[in-house]
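Novice: Dropping in protein_19.txt, which is compact mmCIF, C-alpha atoms (C1' of nucleotides):
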```
# COMPACT_ATOMS: atom_id res chain seq x y z
CA MET A 1311 -19.23 51.74 4.17
CA ILE A 1312 -16.75 49.12 3.13
CA ASN A 1313 -18.23 46.26 1.17
CA LEU A 1314 -16.27 43.20 2.21
CA ASN A 1315 -15.83 40.58 -0.45
CA ASP A 1316 -16.61 36.93 0.28
CA CYS A 1317 -13.05 36.06 1.08
CA ASN A 1318 -12.80 38.56 3.89
CA LYS A 1319 -16.31 37.83 5.03
CA TYR A 1320 -15.64 34.16 5.67
CA LYS A 1321 -12.18 34.90 7.02
CA LYS A 1322 -13.79 37.07 9.64
CA ILE A 1323 -16.40 34.46 10.52
CA LEU A 1324 -13.75 31.77 10.90
CA ALA A 1325 -11.47 34.00 12.97
CA GLU A 1326 -14.29 34.79 15.38
CA LYS A 1327 -14.65 31.06 16.05
CA GLY A 1328 -10.93 30.48 16.44
CA LEU A 1329 -10.75 28.49 13.20
CA LYS A 1330 -8.00 28.73 10.64
CA ASN A 1331 -8.81 30.47 7.39
CA THR A 1332 -8.24 27.78 4.78
CA GLY A 1333 -9.25 27.76 1.14
CA TYR A 1334 -11.46 24.72 1.61
CA ARG A 1335 -13.41 26.32 4.40
CA ASN A 1336 -14.03 29.42 2.34
CA ILE A 1337 -15.39 27.40 -0.56
CA LEU A 1338 -17.38 25.24 1.84
CA LEU A 1339 -19.02 28.18 3.58
CA LYS A 1340 -19.82 29.82 0.28
CA ILE A 1341 -21.51 26.64 -0.99
CA LEU A 1342 -23.47 26.33 2.24
CA GLU A 1343 -24.58 29.92 2.20
CA GLU A 1344 -25.66 29.84 -1.43
CA SER A 1345 -27.69 26.67 -1.09
CA ARG A 1346 -31.40 27.03 -0.56
CA THR A 1347 -31.68 23.55 0.92
CA PRO A 1348 -29.78 21.47 3.46
CA LEU A 1349 -26.95 19.50 1.84
CA THR A 1350 -25.51 16.08 2.57
CA VAL A 1351 -21.76 15.78 3.08
CA GLU A 1352 -21.42 14.06 -0.27
CA GLU A 1353 -23.34 16.83 -2.03
CA ILE A 1354 -21.03 19.42 -0.48
CA TYR A 1355 -18.01 17.31 -1.48
CA ILE A 1356 -19.18 17.09 -5.10
CA LYS A 1357 -19.86 20.81 -5.27
CA MET A 1358 -16.37 21.51 -3.93
CA LYS A 1359 -14.83 19.19 -6.52
CA LYS A 1360 -16.65 21.06 -9.26
CA GLN A 1361 -14.96 24.22 -8.08
CA ASN A 1362 -11.56 22.66 -8.70
CA SER A 1363 -11.10 21.83 -5.07
CA ALA A 1364 -8.98 18.72 -4.43
CA VAL A 1365 -10.45 18.33 -0.97
CA SER A 1366 -10.86 14.83 0.45
CA LEU A 1367 -14.16 13.42 1.68
CA SER A 1368 -12.93 13.00 5.24
CA THR A 1369 -11.94 16.64 5.39
CA VAL A 1370 -15.46 17.61 4.41
CA TYR A 1371 -16.82 15.34 7.15
CA ARG A 1372 -14.44 16.84 9.66
CA SER A 1373 -15.10 20.39 8.54
CA MET A 1374 -18.85 19.98 8.78
CA GLU A 1375 -18.50 18.55 12.25
CA THR A 1376 -16.41 21.58 13.18
CA MET A 1377 -18.85 24.01 11.57
CA TRP A 1378 -21.62 22.39 13.56
CA GLU A 1379 -19.68 22.52 16.83
CA LYS A 1380 -18.95 26.18 16.25
CA LYS A 1381 -22.58 26.78 15.30
CA LEU A 1382 -21.72 28.01 11.82
CA ALA A 1383 -23.90 25.25 10.38
CA ALA A 1384 -27.11 23.57 11.46
CA LYS A 1385 -27.33 19.79 11.27
CA THR A 1386 -30.46 17.78 10.61
CA THR A 1387 -31.36 14.18 9.93
CA ILE A 1388 -34.64 14.70 8.13
CA MET A 1389 -35.87 11.89 5.88
CA ASN A 1390 -35.17 8.31 6.76
CA ASP A 1391 -32.28 7.89 4.34
CA GLY A 1392 -29.57 7.70 6.96
CA LYS A 1393 -27.75 10.80 5.78
CA ALA A 1394 -27.04 13.90 7.83
CA ARG A 1395 -27.65 17.25 6.19
CA TYR A 1396 -26.16 20.64 6.90
CA GLU A 1397 -27.12 24.19 6.11
CA PHE A 1398 -25.60 27.56 6.79
CA ASN A 1399 -26.69 28.71 10.19
CA THR A 1400 -28.45 32.00 9.68
CA MET A 1401 -29.40 32.07 13.36
CA GLU A 1402 -32.91 32.58 12.09
CA HIS A 1403 -35.30 30.05 13.53
CA LYS A 1404 -36.76 28.10 10.63
CA HIS A 1405 -38.34 24.82 9.64
CA HIS A 1406 -38.40 22.54 6.62
CA LEU A 1407 -41.01 21.45 4.17
CA ILE A 1408 -40.13 18.18 2.44
CA CYS A 1409 -41.77 16.95 -0.74
CA LEU A 1410 -42.83 13.31 -0.55
CA GLY A 1411 -42.73 13.18 -4.34
CA CYS A 1412 -39.37 14.62 -5.38
CA SER A 1413 -37.67 14.97 -1.97
CA LYS A 1414 -37.20 18.68 -2.54
CA ILE A 1415 -36.60 20.53 0.72
CA VAL A 1416 -37.85 24.07 1.20
CA ASP A 1417 -37.09 26.30 4.14
CA ILE A 1418 -40.00 28.07 5.75
CA SER A 1419 -39.56 30.92 8.14
CA GLY A 1420 -41.90 31.80 10.90
CA CYS A 1421 -42.82 29.56 13.76
CA PRO A 1422 -46.01 29.24 15.79
CA PHE A 1423 -44.44 27.91 18.96
CA LYS A 1424 -43.65 30.42 21.64
CA ASP A 1425 -46.83 29.66 23.57
CA TYR A 1426 -46.92 25.94 22.93
CA GLU A 1427 -43.50 25.48 24.50
CA LYS A 1428 -44.74 27.17 27.64
CA ASN A 1429 -47.70 24.78 27.79
CA ILE A 1430 -45.37 21.82 27.54
CA THR A 1431 -43.20 23.17 30.32
CA GLY A 1432 -46.29 23.51 32.49
CA GLU A 1433 -47.50 20.00 31.72
CA THR A 1434 -44.24 18.08 31.93
CA GLY A 1435 -41.78 20.13 33.94
CA PHE A 1436 -39.34 20.05 31.04
CA ASP A 1437 -37.25 23.13 30.54
CA VAL A 1438 -37.82 23.40 26.79
CA ARG A 1439 -34.82 24.84 24.98
CA GLY A 1440 -35.70 24.32 21.38
CA HIS A 1441 -37.50 22.22 18.83
CA ASN A 1442 -37.37 20.79 15.38
CA LEU A 1443 -40.29 20.71 13.02
CA GLU A 1444 -40.49 19.13 9.61
CA MET A 1445 -43.58 19.12 7.47
CA TYR A 1446 -44.16 16.59 4.73
CA GLY A 1447 -46.35 16.90 1.69
CA TYR A 1448 -46.37 17.33 -2.07
CA CYS A 1449 -44.87 20.34 -3.77
CA PRO A 1450 -46.89 22.08 -6.49
CA ALA A 1451 -45.01 20.25 -9.25
CA CYS A 1452 -45.63 16.83 -7.72
CA GLN A 1453 -49.35 17.32 -7.19
CA LYS A 1454 -50.11 16.67 -10.89
CA MET B 246 -67.26 -8.91 27.02
CA ILE B 247 -64.40 -11.27 26.29
CA ASN B 248 -61.05 -10.09 27.60
CA LEU B 249 -58.53 -11.28 25.05
CA ASN B 250 -55.12 -12.15 26.42
CA ASP B 251 -51.99 -10.72 24.85
CA CYS B 252 -51.34 -13.75 22.73
CA ASN B 253 -54.65 -13.52 20.95
CA LYS B 254 -54.49 -9.77 20.79
CA TYR B 255 -51.24 -9.71 18.79
CA LYS B 256 -52.33 -12.71 16.76
CA LYS B 257 -55.33 -10.73 15.62
CA ILE B 258 -53.29 -7.63 14.83
CA LEU B 259 -50.84 -9.67 12.76
CA ALA B 260 -53.59 -11.53 10.92
CA GLU B 261 -55.28 -8.28 9.95
CA LYS B 262 -52.06 -7.22 8.24
CA GLY B 263 -51.54 -10.57 6.53
CA LEU B 264 -48.52 -11.39 8.68
CA LYS B 265 -47.74 -14.77 10.19
CA ASN B 266 -48.21 -15.15 13.91
CA THR B 267 -44.75 -16.06 15.15
CA GLY B 268 -43.46 -16.16 18.67
CA TYR B 269 -40.85 -13.53 17.97
CA ARG B 270 -43.41 -11.10 16.64
CA ASN B 271 -45.59 -11.53 19.68
CA ILE B 272 -42.70 -10.79 22.02
CA LEU B 273 -41.61 -7.91 19.81
CA LEU B 274 -45.05 -6.28 19.75
CA LYS B 275 -45.42 -6.71 23.48
CA ILE B 276 -42.06 -5.02 24.09
CA LEU B 277 -42.98 -2.20 21.75
CA GLU B 278 -46.36 -1.65 23.31
CA GLU B 279 -45.01 -1.69 26.86
CA SER B 280 -42.26 0.80 26.18
CA ARG B 281 -42.95 4.40 27.01
CA THR B 282 -40.23 5.58 24.65
CA PRO B 283 -39.12 4.82 21.09
CA LEU B 284 -36.59 1.96 21.00
CA THR B 285 -33.62 1.31 18.76
CA VAL B 286 -33.40 -2.06 17.01
CA GLU B 287 -30.60 -3.11 19.31
CA GLU B 288 -32.60 -2.19 22.40
CA ILE B 289 -35.48 -4.30 21.14
CA TYR B 290 -33.07 -7.15 20.36
CA ILE B 291 -31.60 -7.04 23.87
CA LYS B 292 -35.05 -7.00 25.47
CA MET B 293 -36.05 -10.01 23.39
CA LYS B 294 -32.90 -11.88 24.43
CA LYS B 295 -33.74 -11.21 28.07
CA GLN B 296 -37.06 -12.93 27.52
CA ASN B 297 -35.26 -16.10 26.48
CA SER B 298 -35.76 -15.39 22.83
CA ALA B 299 -33.01 -16.74 20.56
CA VAL B 300 -33.91 -14.30 17.83
CA SER B 301 -31.19 -12.99 15.54
CA LEU B 302 -30.44 -9.33 15.04
CA SER B 303 -31.24 -9.40 11.36
CA THR B 304 -34.67 -10.81 12.11
CA VAL B 305 -35.35 -7.89 14.41
CA TYR B 306 -34.26 -5.49 11.68
CA ARG B 307 -36.48 -7.24 9.16
CA SER B 308 -39.41 -7.44 11.54
CA MET B 309 -39.25 -3.77 12.40
CA GLU B 310 -39.12 -2.89 8.72
CA THR B 311 -42.22 -5.04 8.22
CA MET B 312 -44.01 -3.53 11.22
CA TRP B 313 -43.29 -0.11 9.82
CA GLU B 314 -44.51 -1.01 6.34
CA LYS B 315 -47.70 -2.39 7.82
CA LYS B 316 -48.02 0.67 10.01
CA LEU B 317 -47.91 -1.32 13.23
CA ALA B 318 -44.90 0.72 14.31
CA ALA B 319 -43.82 4.33 13.83
CA LYS B 320 -40.25 5.04 12.84
CA THR B 321 -38.27 8.11 13.81
CA THR B 322 -34.70 9.31 13.53
CA ILE B 323 -34.67 11.75 16.39
CA MET B 324 -31.31 12.55 17.99
CA ASN B 325 -28.27 12.78 15.82
CA ASP B 326 -26.87 9.41 16.82
CA GLY B 327 -27.52 7.69 13.51
CA LYS B 328 -29.93 5.13 14.93
CA ALA B 329 -33.53 4.62 13.90
CA ARG B 330 -36.09 4.23 16.65
CA TYR B 331 -39.44 2.52 16.62
CA GLU B 332 -42.51 2.70 18.80
CA PHE B 333 -45.85 0.98 18.81
CA ASN B 334 -48.15 2.83 16.49
CA THR B 335 -51.12 3.91 18.53
CA MET B 336 -52.47 5.83 15.54
CA GLU B 337 -52.63 8.76 17.90
CA HIS B 338 -50.86 11.81 16.56
CA LYS B 339 -48.09 12.61 19.02
CA HIS B 340 -44.75 14.29 19.40
CA HIS B 341 -41.59 13.79 21.40
CA LEU B 342 -39.82 15.67 24.10
CA ILE B 343 -36.13 14.78 24.33
CA CYS B 344 -33.96 15.55 27.33
CA LEU B 345 -30.64 17.15 26.40
CA GLY B 346 -29.20 15.94 29.69
CA CYS B 347 -30.07 12.26 29.95
CA SER B 348 -31.51 11.60 26.46
CA LYS B 349 -34.78 10.46 27.97
CA ILE B 350 -37.62 10.61 25.45
CA VAL B 351 -41.15 11.43 26.55
CA ASP B 352 -44.23 11.26 24.38
CA ILE B 353 -46.54 14.23 24.44
CA SER B 354 -50.01 14.11 23.02
CA GLY B 355 -51.86 17.03 21.59
CA CYS B 356 -50.75 19.06 18.64
CA PRO B 357 -51.25 22.72 17.79
CA PHE B 358 -51.03 22.40 14.05
CA LYS B 359 -54.26 22.13 12.18
CA ASP B 360 -54.31 25.82 11.28
CA TYR B 361 -50.59 26.26 10.74
CA GLU B 362 -50.56 23.59 8.05
CA LYS B 363 -53.24 25.48 6.17
CA ASN B 364 -51.16 28.64 6.34
CA ILE B 365 -48.20 26.82 4.86
CA THR B 366 -50.31 25.46 2.04
CA GLY B 367 -51.47 28.97 1.29
CA GLU B 368 -47.94 30.39 1.33
CA THR B 369 -46.07 27.68 -0.55
CA GLY B 370 -48.59 25.68 -2.55
CA PHE B 371 -47.44 22.49 -0.82
CA ASP B 372 -50.11 19.91 -0.15
CA VAL B 373 -49.13 19.26 3.45
CA ARG B 374 -49.77 15.66 4.48
CA GLY B 375 -48.11 15.45 7.84
CA HIS B 376 -45.37 16.69 10.07
CA ASN B 377 -42.84 15.71 12.66
CA LEU B 378 -42.09 17.75 15.73
CA GLU B 379 -39.47 17.13 18.35
CA MET B 380 -38.86 19.40 21.30
CA TYR B 381 -35.56 19.50 23.17
CA GLY B 382 -34.89 20.61 26.69
CA TYR B 383 -34.01 19.43 30.18
CA CYS B 384 -36.21 17.05 32.13
CA PRO B 385 -36.99 17.88 35.77
CA ALA B 386 -34.25 15.53 37.01
CA CYS B 387 -31.59 17.11 34.81
CA GLN B 388 -32.37 20.69 35.71
CA LYS B 389 -30.53 20.42 39.05
C1' DA C 301 11.80 33.36 9.28
C1' DT C 302 10.49 29.77 12.95
C1' DG C 303 7.69 26.67 15.64
C1' DC C 304 3.61 24.67 17.01
C1' DA C 305 -1.03 23.51 16.93
C1' DA C 306 -4.58 22.97 13.65
C1' DA C 307 -5.91 21.17 9.21
C1' DT C 308 -5.60 17.70 5.71
C1' DG C 309 -5.06 13.17 2.93
C1' DC C 310 -5.26 8.48 2.89
C1' DA C 311 -6.49 4.19 4.20
C1' DA C 312 -8.35 1.42 7.58
C1' DA C 313 -11.80 0.92 11.12
C1' DC C 314 -16.45 1.31 12.79
C1' DT C 315 -21.44 1.17 13.13
C1' DA C 316 -26.00 0.71 11.64
C1' DT C 317 -28.35 -1.63 8.35
C1' DT C 318 -29.30 -4.67 4.33
C1' DC C 319 -28.96 -8.77 1.57
C1' DG C 320 -28.24 -13.59 -0.40
C1' DC C 321 -29.18 -18.01 0.39
C1' DA C 322 -30.14 -22.18 2.83
C1' DT C 323 -33.34 -23.82 6.35
C1' DT C 324 -37.41 -23.74 9.17
C1' DT C 325 -42.18 -22.92 10.11
C1' DA C 326 -47.04 -21.02 10.04
C1' DA C 327 -51.09 -21.80 8.08
C1' DA C 328 -53.78 -22.80 3.87
C1' DA C 329 -55.28 -26.73 1.12
C1' DG C 330 -56.44 -31.32 0.66
C1' DC D 1127 -53.83 -35.08 10.15
C1' DT D 1128 -50.64 -34.65 6.32
C1' DT D 1129 -49.07 -32.09 2.45
C1' DT D 1130 -47.75 -27.89 0.33
C1' DT D 1131 -46.10 -23.40 -0.17
C1' DA D 1132 -44.97 -18.89 0.74
C1' DA D 1133 -43.36 -16.37 4.54
C1' DA D 1134 -40.10 -16.09 8.31
C1' DT D 1135 -35.60 -16.88 10.16
C1' DG D 1136 -30.37 -17.52 10.90
C1' DC D 1137 -26.02 -16.66 9.50
C1' DG D 1138 -22.50 -14.50 7.42
C1' DA D 1139 -21.11 -11.36 4.06
C1' DA D 1140 -21.83 -6.96 1.90
C1' DT D 1141 -23.07 -1.92 2.05
C1' DA D 1142 -23.24 2.81 3.23
C1' DG D 1143 -22.37 6.60 5.97
C1' DT D 1144 -19.20 8.20 9.04
C1' DT D 1145 -15.10 8.25 12.09
C1' DT D 1146 -10.33 7.67 13.25
C1' DG D 1147 -5.10 6.97 13.40
C1' DC D 1148 -1.18 8.67 11.70
C1' DA D 1149 1.95 10.97 8.73
C1' DT D 1150 2.26 15.35 6.30
C1' DT D 1151 1.15 20.07 5.32
C1' DT D 1152 -0.12 24.69 6.43
C1' DG D 1153 -1.99 28.88 9.02
C1' DC D 1154 -0.62 32.07 12.01
C1' DA D 1155 1.37 33.71 16.40
C1' DT D 1156 6.01 34.77 18.03
```
Starting from the coordinates I provided, produce the structure as structure tokens.
Specialist:
Amino acid sequence: MINLNDCNKYKKILAEKGLKNTGYRNILLKILEESRTPLTVEEIYIKMKKQNSAVSLSTVYRSMETMWEKKLAAKTTIMNDGKARYEFNTMEHKHHLICLGCSKIVDISGCPFKDYEKNITGETGFDVRGHNLEMYGYCPACQK
Amino acid sequence: MINLNDCNKYKKILAEKGLKNTGYRNILLKILEESRTPLTVEEIYIKMKKQNSAVSLSTVYRSMETMWEKKLAAKTTIMNDGKARYEFNTMEHKHHLICLGCSKIVDISGCPFKDYEKNITGETGFDVRGHNLEMYGYCPACQK
DNA sequence: ATGCAAATGCAAACTATTCGCATTTAAAAG
DNA sequence: CTTTTAAATGCGAATAGTTTGCATTTGCAT
């Protein structure tokens, strides 16, 4: 079994979506994949800069838009701070837990909704295609 | 039983929150309460204008911020269009159903979460204080 | 190697929202 | 009812996040 390194891994992902394999996109995807929480565009931009990338902010905006269109990244607007956040799209259905104290965001897997969606369809006639759930509270550290 | 008219009704609500009873706020609360869907600030502004109100946009922004602080209105950032939306706060816990076709937003009451929140607390240690759920799909009219 | 469409940089434009400050007004106090 | 005062409002300018136009560069198919 060949163990592809990151470079080839992302190259393959990009090729499958008809996107060009650029250095910026490789760094960007790596940052996204390694992050445990959704990132704002500026956070991604800063992380790229730290890796000696001379990328411009508008390229990051454009790239994230592209990643989202091609479903390589998920986009959310949690928290009322007016900033969009992105995370690597694992295709796994997940939700977020957001700390009201320190704003930490934690992914939680598992979802109790299969049946509920059917109920809603029955009650409203909507053809439910998906949902978004965010839970707010205080993380262990902020409960002091 | 005395049947209070709208004017007195909103006057009372505002007084309870320590807010002045202005004409704009009465119109604003009436618009909010009569809307079946969350409204953007601009939508509220336009509706106020139609009712011969000479209110300025910044006043609407400030008023909605105040209504939110005083918990007279709920604020959401559903849909990735970068606009905040407000709705009259009925104090009833509810969620939204958003049509992917026509962007119509429908409120749904009822919530299947009491137990799930406890599970999350057990798994993550988070003290869960609330949540936000939006469901996406196609309304009956858009399923054609 | 060559050509073209895609990707990028840069600055300007845009959009939603906030803010400073002068003016008005609701409502408490007299 | 008048005075007083803090809250509410209007207006324009300022911000912040994001998008866009255009010239330049760069993958990658030929």
Novice: Excluding segment 360-367 of chain B and its own-chain neighbours fewer than 2 positions away, which residues fall within 12 Å of it when counting all atoms listed in the file? Please give them as a PyMOL selection string.
Specialist: (chain A and resi 1405-1407+1416-1423+1443-1450) or (chain B and resi 356-358+369-377)
Novice: Which residue out of B:Lys315, B:Val300, B:Cys344, B:Lys359 has the minimum interatomic distance to Ile258 of chain B when all atoms listed in the file are used?
Specialist: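 Among the listed residues, the smallest separation from Ile258 of chain B belongs to B:Lys315.
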Novice: Using only C-alpha atoms (C1' of nucleotides) and a cutoff of 12 Å, can you tell me which residues are near (-34.9, 12.8, 4.8) in the file's coordinates, and write them out as a short mmCIF file (atom, residue, chain, number, x, y, z; two decimals) with C-alpha atoms, in the frame of the given file?
Specialist:
```
data_model
loop_
_atom_site.label_atom_id
_atom_site.label_comp_id
_atom_site.auth_asym_id
_atom_site.auth_seq_id
_atom_site.Cartn_x
_atom_site.Cartn_y
_atom_site.Cartn_z
CA THR A 1347 -31.68 23.55 0.92
CA PRO A 1348 -29.78 21.47 3.46
CA LEU A 1349 -26.95 19.50 1.84
CA THR A 1350 -25.51 16.08 2.57
CA THR A 1386 -30.46 17.78 10.61
CA THR A 1387 -31.36 14.18 9.93
CA ILE A 1388 -34.64 14.70 8.13
CA MET A 1389 -35.87 11.89 5.88
CA ASN A 1390 -35.17 8.31 6.76
CA ASP A 1391 -32.28 7.89 4.34
CA GLY A 1392 -29.57 7.70 6.96
CA LYS A 1393 -27.75 10.80 5.78
CA ALA A 1394 -27.04 13.90 7.83
CA ARG A 1395 -27.65 17.25 6.19
CA TYR A 1396 -26.16 20.64 6.90
CA HIS A 1406 -38.40 22.54 6.62
CA LEU A 1407 -41.01 21.45 4.17
CA ILE A 1408 -40.13 18.18 2.44
CA CYS A 1409 -41.77 16.95 -0.74
CA LEU A 1410 -42.83 13.31 -0.55
CA CYS A 1412 -39.37 14.62 -5.38
CA SER A 1413 -37.67 14.97 -1.97
CA LYS A 1414 -37.20 18.68 -2.54
CA ILE A 1415 -36.60 20.53 0.72
CA GLU A 1444 -40.49 19.13 9.61
CA MET A 1445 -43.58 19.12 7.47
CA TYR A 1446 -44.16 16.59 4.73
CA THR B 321 -38.27 8.11 13.81
CA THR B 322 -34.70 9.31 13.53
CA ILE B 323 -34.67 11.75 16.39
CA ASN B 377 -42.84 15.71 12.66
#
```
Novice: Would you mind telling me which residue in A:Val1351, A:Cys1452, A:Val1370, A:Leu1382 lies nearest to chain C when using only C-alpha atoms (C1' of nucleotides)?
Specialist: A:Val1370
Novice: What are the closest atom pairs, with distances in Å to one decimal, for all residues of chain D lying within 8 Å of chain A? Consider all atoms listed in the file, order rows by chain and residue number, and present the result as a tab-separated table.
Specialist:
```
residue	atom	partner	partner_atom	distance
D:DG1143	C1'	A:Lys1393	CA	6.8
D:DT1144	C1'	A:Tyr1371	CA	7.8
D:DG1153	C1'	A:Lys1330	CA	6.2
```
Novice: Which chain C residues are at most 9 Å from chain B (counting only C-alpha atoms (C1' of nucleotides)), as a PyMOL selection string?
Specialist: chain C and resi 315-318+325-327
Novice: Can you write just those residues out, C-alpha atoms (C1' of nucleotides), as a PDB file, keeping the file's coordinate frame?
Specialist:
```
ATOM      1  C1'  DT C 315     -21.440   1.170  13.130  1.00  0.00           C
ATOM      2  C1'  DA C 316     -26.000   0.710  11.640  1.00  0.00           C
ATOM      3  C1'  DT C 317     -28.350  -1.630   8.350  1.00  0.00           C
ATOM      4  C1'  DT C 318     -29.300  -4.670   4.330  1.00  0.00           C
ATOM      5  C1'  DT C 325     -42.180 -22.920  10.110  1.00  0.00           C
ATOM      6  C1'  DA C 326     -47.040 -21.020  10.040  1.00  0.00           C
ATOM      7  C1'  DA C 327     -51.090 -21.800   8.080  1.00  0.00           C
TER       8       DA C 327
END
```
Novice: Find the residue from A:Lys1360, A:Lys1319, A:Lys1404, A:Lys1385 that sits nearest to chain B; use only C-alpha atoms when measuring.
Specialist: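 Of A:Lys1360, A:Lys1319, A:Lys1404, A:Lys1385, the one nearest chain B is A:Lys1385, counting only C-alpha atoms.
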Novice: How big is the axis-aligned box, and where does its centre sit, when it encloses all atoms of segment 1405-1412 of chain A listed in the file and has 4 Å added on every side, reported in Å to one decimal as lines of an AutoDock Vina configuration file?
Specialist:
```
center_x = -40.6
center_y = 19.0
center_z = 2.1
size_x = 12.5
size_y = 19.6
size_z = 23.0
```
Novice: Give me, as a PDB file with C-alpha atoms (C1' of nucleotides), keeping the file's coordinate frame, all polymer residues having an atom no more than 12 Å from DA1149 of chain D, counting all atoms listed in the file and skipping those fewer than 4 positions away in the same chain.
Specialist:
```
ATOM      1  C1'  DT C 308      -5.600  17.700   5.710  1.00  0.00           C
ATOM      2  C1'  DG C 309      -5.060  13.170   2.930  1.00  0.00           C
ATOM      3  C1'  DC C 310      -5.260   8.480   2.890  1.00  0.00           C
ATOM      4  C1'  DA C 311      -6.490   4.190   4.200  1.00  0.00           C
TER       5       DA C 311
END
```
Novice: Set the distance at 8 Å and use only C-alpha atoms (C1' of nucleotides): which residues neighbour DT1135 of chain D once local chain neighbours fewer than 5 positions away are removed? I'd like the list as an MDAnalysis selection string.
Specialist: (chainID B and resid 301 304) or (chainID C and resid 324)
Novice: Using all atoms listed in the file for the distances, tell me which of A:Tyr1355, A:Tyr1320, A:Trp1378, A:Phe1398 is nearest to chain B.
Specialist: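 The shortest atom-to-atom distance to chain B comes from A:Trp1378.
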Novice: Which residues, written as a ChimeraX atom specification, have at least one atom at most 8 Å from Asn1399 of chain A, with all atoms listed in the file counted and residues fewer than 5 positions away on the same chain left out?
Specialist: /A:1381-1384
Novice: Extract, using only C-alpha atoms (C1' of nucleotides), all DNA, RNA and protein residues at most 12 Å from DC304 of chain C, discarding same-chain residues fewer than 4 positions from it, and format them as a PyMOL selection string.
Specialist: chain D and resi 1152-1156
Novice: Grab the atom CA of Leu1338 of chain A to atom CA of Glu1379 of chain A distance for me, in Å with one decimal place.
Specialist: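 Computed distance, atom CA of Leu1338 of chain A to atom CA of Glu1379 of chain A, equals 15.4 Å.
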Novice: Rank A:Gln1453, A:Asn1362, A:Asn1318, A:Thr1400 by their smallest atom-to-atom distance to chain B, using all atoms listed in the file, and report the top residue only.
Specialist: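 Checking each candidate against chain B, we get A:Gln1453 as the closest.
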Novice: Out of A:Lys1340, A:Lys1454, A:Arg1335, A:Arg1346, which residue has the shortest atom-to-atom distance to chain B when counting all atoms listed in the file?
Specialist: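 Using all atoms listed in the file, the shortest distance to chain B belongs to A:Lys1454.
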Novice: Distance atom CA of Lys257 of chain B-atom CA of Met293 of chain B, one decimal place?
Specialist: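 Separation between atom CA of Lys257 of chain B and atom CA of Met293 of chain B: 20.8 Å.
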Novice: Just how far from atom CA of Lys256 of chain B is atom CA of Glu279 of chain B, in Å to one decimal?
Specialist: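 Interatomic distance, atom CA of Glu279 of chain B to atom CA of Lys256 of chain B: 16.6 Å.
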